[in-house]
Amino acid sequence: MSSINRRFWWEPLLGTTTETPSGTGTTSTTGTGTDTGTVTGTGTETGETDDNAAAGGPTKTVTVGPDGSLVYEPGTSDPLKIAPGTTVEFVWDSDNHNIAVESQPDAADWQGHETLENAGFTYSHTFETLGTYEYFCQPHKTAGMVASIEVVENPNAGGGGGGGEKELHSLGVPIQAHWVGAATILAIVVTVIFTFYILKYGESAHTGTGRN
Ligand SMILES: [Cu+2]
């Protein structure tokens, strides 16, 4: 008896795969897979929340001399765009850098941080006045260690819509890859489980009977 039952388990799986009503099972399974993906997506929203959550006082981080590179990241390759009231925390990742202000809006009074500091040092400033702030590292200005910050009303939309997404991408590529992959795997697992259930409770008896 038990050996017959085993055939009910496995043979339908191999044999019925193509011919089947499995189609029906797959349809409902897809719905479940989507639900799972959504739930996982919530994890990503949590990540976004870190950036936006502080609606009262958002914070951005600029790495100073990341891995010894003579840049501010972000800020050197592309301007860092922020909303008024955003606090930027500058985090030194290598030694002998400072922040000297090259230019800023007339109404602003950013002092920068001209003392040379080493890895591990942090310095924060809250930017309130709209406009462009240019700054540089005195020892490394000639090496291109310059950057800018643009304070704009709506850094996400004003930047051309893509700005916000780019920031999310640069911050979250590994995370997104993870949850997309995880959602895919979950969907596959759920599909397999559903197929088993359908074959076991829905069809295996009939299929088995047919074979007997
Ligand atoms: Cu420097």
# chains A, B, ... in the order shown; residues from 1 in each chain; ligands from 1
call {"tool": "residues_around", "arguments": {"residues": "His140 of chain A", "least_positions_apart": "2", "cutoff": "12 Å", "atoms": "only C-alpha atoms", "output": "MDAnalysis selection string"}}
result
chainID A and resid 64:65 68:72 95:100 116 135:138 142:147
call {"tool": "residues_around", "arguments": {"residues": "segment 74-82 of chain A", "least_positions_apart": "2", "cutoff": "8 Å", "atoms": "only C-alpha atoms", "output": "NGL selection string"}}
result
:A and (62-63 or 71-72 or 84 or 86 or 145-152 or 154-155 or 159)
call {"tool": "write_last_selection", "arguments": {"atoms": "N, CA and C atoms", "output": "mmCIF file, in the first residue's frame"}}
result
data_model
loop_
_atom_site.group_PDB
_atom_site.id
_atom_site.type_symbol
_atom_site.label_atom_id
_atom_site.label_comp_id
_atom_site.auth_asym_id
_atom_site.auth_seq_id
_atom_site.Cartn_x
_atom_site.Cartn_y
_atom_site.Cartn_z
ATOM 1 N N VAL A 62 28.043 62.391 4.166
ATOM 2 C CA VAL A 62 29.073 62.556 3.148
ATOM 3 C C VAL A 62 30.349 61.930 3.700
ATOM 4 N N THR A 63 30.909 61.007 2.941
ATOM 5 C CA THR A 63 32.148 60.379 3.374
ATOM 6 C C THR A 63 33.328 61.187 2.850
ATOM 7 N N VAL A 71 38.212 62.392 -2.564
ATOM 8 C CA VAL A 71 36.886 62.873 -2.957
ATOM 9 C C VAL A 71 35.997 62.985 -1.723
ATOM 10 N N TYR A 72 34.892 63.703 -1.932
ATOM 11 C CA TYR A 72 33.791 63.657 -0.967
ATOM 12 C C TYR A 72 32.683 62.856 -1.650
ATOM 13 N N PRO A 84 16.015 71.954 2.353
ATOM 14 C CA PRO A 84 16.373 72.852 3.464
ATOM 15 C C PRO A 84 16.094 72.176 4.802
ATOM 16 N N THR A 86 18.102 69.959 6.084
ATOM 17 C CA THR A 86 18.788 68.662 6.127
ATOM 18 C C THR A 86 20.132 68.811 6.828
ATOM 19 N N MET A 145 39.964 67.303 -4.872
ATOM 20 C CA MET A 145 39.074 67.035 -3.742
ATOM 21 C C MET A 145 38.203 68.258 -3.473
ATOM 22 N N VAL A 146 37.220 68.398 -4.359
ATOM 23 C CA VAL A 146 36.253 69.487 -4.259
ATOM 24 C C VAL A 146 34.861 68.874 -4.380
ATOM 25 N N ALA A 147 33.871 69.590 -3.877
ATOM 26 C CA ALA A 147 32.515 69.039 -3.925
ATOM 27 C C ALA A 147 31.498 70.154 -3.791
ATOM 28 N N SER A 148 30.247 69.816 -4.012
ATOM 29 C CA SER A 148 29.206 70.810 -3.805
ATOM 30 C C SER A 148 27.933 70.182 -3.268
ATOM 31 N N ILE A 149 27.187 71.045 -2.588
ATOM 32 C CA ILE A 149 25.899 70.666 -2.020
ATOM 33 C C ILE A 149 24.879 71.658 -2.544
ATOM 34 N N GLU A 150 23.777 71.138 -3.065
ATOM 35 C CA GLU A 150 22.709 72.011 -3.546
ATOM 36 C C GLU A 150 21.498 71.843 -2.642
ATOM 37 N N VAL A 151 21.100 72.954 -2.030
ATOM 38 C CA VAL A 151 19.911 72.923 -1.195
ATOM 39 C C VAL A 151 18.745 73.406 -2.039
ATOM 40 N N VAL A 152 17.814 72.503 -2.303
ATOM 41 C CA VAL A 152 16.670 72.806 -3.171
ATOM 42 C C VAL A 152 15.377 72.397 -2.467
ATOM 43 N N ASN A 154 12.763 70.765 -3.436
ATOM 44 C CA ASN A 154 12.357 69.372 -3.564
ATOM 45 C C ASN A 154 13.446 68.574 -4.273
ATOM 46 N N PRO A 155 14.399 68.090 -3.510
ATOM 47 C CA PRO A 155 15.559 67.419 -4.110
ATOM 48 C C PRO A 155 15.184 66.202 -4.941
ATOM 49 N N GLY A 159 15.149 67.584 -8.863
ATOM 50 C CA GLY A 159 16.360 67.080 -9.493
ATOM 51 C C GLY A 159 16.089 66.361 -10.794
#
call {"tool": "closest_residue", "arguments": {"among": "A:Asn156, A:Asn118, A:Thr191, A:Gln111", "to": "ligand 1", "atoms": "only C-alpha atoms and all ligand atoms"}}
result
A:Asn118
call {"tool": "atom_distance", "arguments": {"atom1": "atom CA of Asp67 of chain A", "atom2": "atom CA of Thr126 of chain A"}}
result
25.3 Å
call {"tool": "atom_distance", "arguments": {"atom1": "atom CA of Leu130 of chain A", "atom2": "atom CA of Glu153 of chain A"}}
result
7.4 Å
call {"tool": "atom_distance", "arguments": {"atom1": "atom CA of Gly85 of chain A", "atom2": "atom CA of Tyr123 of chain A"}}
result
16.0 Å
call {"tool": "residues_around", "arguments": {"residues": "Ser103 of chain A", "least_positions_apart": "2", "cutoff": "8 Å", "atoms": "only C-alpha atoms", "output": "list in words"}}
result
Val101, Pro105, Thr132, Tyr133, Glu134 and Tyr135 of chain A
call {"tool": "closest_residue", "arguments": {"among": "A:Glu128, A:Asp106, A:Glu117, A:Glu89", "to": "ligand 1", "atoms": "only C-alpha atoms and all ligand atoms"}}
result
A:Glu117
